[in-house]
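What follows is a set of notes on a single structure, which appears directly below.
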Amino acid sequence: MAAPALARCMARTGVLPLGQAWGRAPRLPPSPLPAQRRAFSNNKVLVELDESAGVATMKFKSPPVNSLSLDFLTEFCISLEKLENDRACRGVILTSAVPKIFSSGLDITEMCGKSTEHYAEFWRAVQEMWLRLYSSNMVTVAAVNGSSPAGGCLIALTCDYRIMAENPKFSIGLNEAQLGIVAPFWFKDTFVNVVGHRVAESSLQLGSLHSAPEAHRIGLVDELVPEEKLKDRATAVMQQWLALPDHARQLTKTMMRKAVLDRLVAHREEDVQNFISFISKESIQKSLRMYMEMLKKKKS
Ligand SMILES: CCCCCCCC/C=C\C/C=C/C(=O)SCCNC(=O)CCNC(=O)[C@H](O)C(C)(C)COP(=O)(O)OP(=O)(O)OC[C@H]1O[C@@H](n2cnc3c(N)ncnc32)[C@H](O)[C@@H]1OP(=O)(O)O
C-alpha cells in the first residue's frame with residue numbers, strides 16, 4: 001500500500017494496518033544463520049539490517065531538515081513495523097542521514113491552514129509513531145547527530161538510550177513554548193520519565209533548547225561523544241543492551257512505560273480533538289505563521 005493510502009487508513013482506524021502495536025509475543029534471538037546484511041528504503045527512511053548482530057539502523061533522509069510530515073511519520077511506522085516483525089532484528093539505532101540535523105520536529109506546514117480532517121489524520125500519525133516506538137520490543141538507541149527540537153527531541157526521548165554528538169552547533173529540547181504552543185501531555189510524560197519533574201517543568205515552560213553539554217548535564221542525553229565516534233559508540237551500547245535476555249529486558253521496559261502508554265491509549269480520540277481545537281485557534285495559527293516567517297528571515 002502506498003504511503004498516502006496508508007495514511008488514510010491510519011486516519012480512519014487510528015492504527016497502521018500492518019499488525020498490532022500491543023500485546024506482541026516476546027522477541028526470540030535471531031537464528032544462527034551466516035552473517036548477512038540487508039537494506040530496504042522508502043522515500044523518507046533508509047534501513048540497514050545487520051542480521052548477524054540482530055541490529056538495524058534507521059536513517060532519516062528527508063532533507064532539508066527531516067521534519068516529521070504525514071508521509072515521514074507513515075513511512076517511519078512502516079519501517080519500524082517491518083523490523084518489529086523481523087525475528088532477525090533485536091535492536092534499532094535511530095539516526096539521521098541529513099548532515100547537522102537529527103530532526104526539526106513536527107512539520108509545521110502540516111499544522112498551518114489545513115482542514116480539521118487533515119489535522120486529525122496528522123495527529124493520529126504522530127500518536128502512532130510515539131506509541132509504536134515507546135512500546136517497541138526492540139532495544140532502541142538514538143544516535144543524535146544533529147539538532148533535535150520538539151518532535152525530534154521526542155523521538156530521542158522515546159528511545160531506551162540517547163547518545164549525542166559533541167558539536168557546539170547542535171541543540172535539543174522540547175521548545176514548543178517558543179512557538180506559542182504547548183507540548184502534549186504524552187510528550188511531557190516521556191520527558192519527565194527521562195529527566196525528572198523539576199528539570200522538565202522549567203525546561204518546558206521556557207521552551208529550552210539545550211546545548212549538548214547541557215543536555216548531558218540534565219540527563220536529557222545519556223552520553224556525549226565526538227561526532228566521528230557516534231556510530232561506533234551506538235553499536236557498542238547496543239551490544240551491551242543485547243547481551244541480556246530479551247524477555248527480562250522487555251518485561252522491565254513494559255513495566256516502566258505502561259502507565260504513560262496506557263494514558264494516551266485510553267484518551268487517544270480526546271487527544272486528537274484537543275489538538276484540533278488548539279491548533280485551529282486563530283491566535284495559534286498566527287503564532288505558527290510568524291514562527292515560519294522568522295525561520296525564513298533568519299536565512300536571508
Ligand atoms: C491545552 C493543551 C492542548 C494540547 C495541544 C497540543 C498542540 C501541540 C502541537 C504540536 C507540538 C509540536 C511539536 C513540534 O515538533 S513543532 C516543530 C518545532 N520545530 C522547531 O522549532 C524547529 C524549527 N527549525 C529550526 O530551528 C531550524 O530549521 C533547524 C535548526 C532545524 C535547522 O536550521 P537550518 O539548517 O539553518 O535550516 P533552516 O532553518 O534554513 O530550514 C530549512 C528549511 O526547512 C524549513 N523548516 C525548518 N523546520 C521546519 C519544521 N519543523 N517544519 C516545517 N519546515 C521546517 C525552514 O522553514 C526552511 O524552509 P525554506 O525557507 O522553505 O527553505
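Residues are named by chain letter and number: chains run A, B, ... in the order of the C-alpha cells, numbers start at 1 in each chain, and ligands are numbered from 1 in the order shown.
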Every residue of region 162-243 of chain A that DSSP places in strand (DSSP E or B), as a list in words: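 Those residues are Arg162, Ile163, Met164, Ala165, Ser171, Ile172, Gly173, His210, Ser211, Glu223, Leu224 and Val225 of chain A.
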Residues just named, written with C-alpha atoms as a PDB file, in the first residue's frame:
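Result written to again_31.pdb:
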ATOM      1  CA  ARG A 162      20.488   8.562  23.806  1.00  0.00           C
ATOM      2  CA  ILE A 163      23.991   9.380  22.606  1.00  0.00           C
ATOM      3  CA  MET A 164      24.609  12.856  21.210  1.00  0.00           C
ATOM      4  CA  ALA A 165      27.430  14.165  19.055  1.00  0.00           C
ATOM      5  CA  SER A 171      20.768  21.676  20.353  1.00  0.00           C
ATOM      6  CA  ILE A 172      17.965  19.524  21.701  1.00  0.00           C
ATOM      7  CA  GLY A 173      14.811  20.121  23.728  1.00  0.00           C
ATOM      8  CA  HIS A 210      19.820  22.748  25.328  1.00  0.00           C
ATOM      9  CA  SER A 211      23.365  22.567  24.031  1.00  0.00           C
ATOM     10  CA  GLU A 223      26.334  10.441  26.873  1.00  0.00           C
ATOM     11  CA  LEU A 224      28.252  12.717  24.518  1.00  0.00           C
ATOM     12  CA  VAL A 225      30.826  11.545  22.024  1.00  0.00           C
TER      13      VAL A 225
END
Shell around region 41-49 of chain A at 10 Å using only C-alpha atoms, local window under 5 positions removed, as a ChimeraX atom specification: /A:3,36,54-63,66,68-69,71-80,83,88-89,91-97
Kindly compile the residues surrounding ligand 1 within 7 Å, counting only C-alpha atoms and all ligand atoms, and format them as JSON, numbers by chain. {"A": [64, 65, 67, 101, 103, 104, 105, 106, 107, 108, 109, 147, 148, 149, 150, 151, 152, 175, 176, 179, 181, 182, 183, 184, 274, 275, 278, 279, 292, 295, 296, 299]}
Go ahead and save the picked residues with C-alpha atoms, as a PDB file, in the first residue's frame.
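Okay, out20.pdb is ready:
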ATOM      1  CA  PRO A  64      16.370  19.701   4.249  1.00  0.00           C
ATOM      2  CA  VAL A  65      15.601  19.138   7.967  1.00  0.00           C
ATOM      3  CA  SER A  67      10.652  17.419   9.512  1.00  0.00           C
ATOM      4  CA  ILE A 101      20.040  17.765  11.651  1.00  0.00           C
ATOM      5  CA  SER A 103      15.017  16.024  13.064  1.00  0.00           C
ATOM      6  CA  SER A 104      13.468  19.507  13.116  1.00  0.00           C
ATOM      7  CA  GLY A 105      10.330  18.127  14.786  1.00  0.00           C
ATOM      8  CA  LEU A 106       6.770  18.103  13.566  1.00  0.00           C
ATOM      9  CA  ASP A 107       6.343  19.578  10.131  1.00  0.00           C
ATOM     10  CA  ILE A 108       4.833  22.968  10.907  1.00  0.00           C
ATOM     11  CA  THR A 109       3.256  23.202   7.453  1.00  0.00           C
ATOM     12  CA  SER A 147      19.850  19.455  16.114  1.00  0.00           C
ATOM     13  CA  SER A 148      16.755  17.948  17.557  1.00  0.00           C
ATOM     14  CA  PRO A 149      13.994  20.364  18.575  1.00  0.00           C
ATOM     15  CA  ALA A 150      10.472  19.446  19.752  1.00  0.00           C
ATOM     16  CA  GLY A 151       9.201  16.343  17.893  1.00  0.00           C
ATOM     17  CA  GLY A 152      12.816  15.479  17.021  1.00  0.00           C
ATOM     18  CA  ASN A 175      10.859  24.097  22.599  1.00  0.00           C
ATOM     19  CA  GLU A 176       7.112  24.164  21.873  1.00  0.00           C
ATOM     20  CA  LEU A 179       6.390  28.607  19.122  1.00  0.00           C
ATOM     21  CA  ILE A 181       2.195  26.086  21.537  1.00  0.00           C
ATOM     22  CA  VAL A 182       2.079  23.512  24.321  1.00  0.00           C
ATOM     23  CA  ALA A 183       3.809  20.140  24.449  1.00  0.00           C
ATOM     24  CA  PRO A 184       1.064  17.479  24.613  1.00  0.00           C
ATOM     25  CA  ASN A 274      -7.838  18.648  21.853  1.00  0.00           C
ATOM     26  CA  PHE A 275      -5.167  19.004  19.202  1.00  0.00           C
ATOM     27  CA  PHE A 278      -5.997  24.033  19.948  1.00  0.00           C
ATOM     28  CA  ILE A 279      -4.306  24.186  16.570  1.00  0.00           C
ATOM     29  CA  MET A 292       7.782  30.074   9.982  1.00  0.00           C
ATOM     30  CA  LEU A 295      12.806  30.846  10.191  1.00  0.00           C
ATOM     31  CA  LYS A 296      12.795  32.158   6.646  1.00  0.00           C
ATOM     32  CA  LYS A 299      18.191  32.710   6.318  1.00  0.00           C
TER      33      LYS A 299
END
Which of A:Leu174, A:Leu209, A:Val144, A:Val272 sits closest to Ala120 (chain A) [using only C-alpha atoms]: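 Closest residue, counting only C-alpha atoms: A:Val272.
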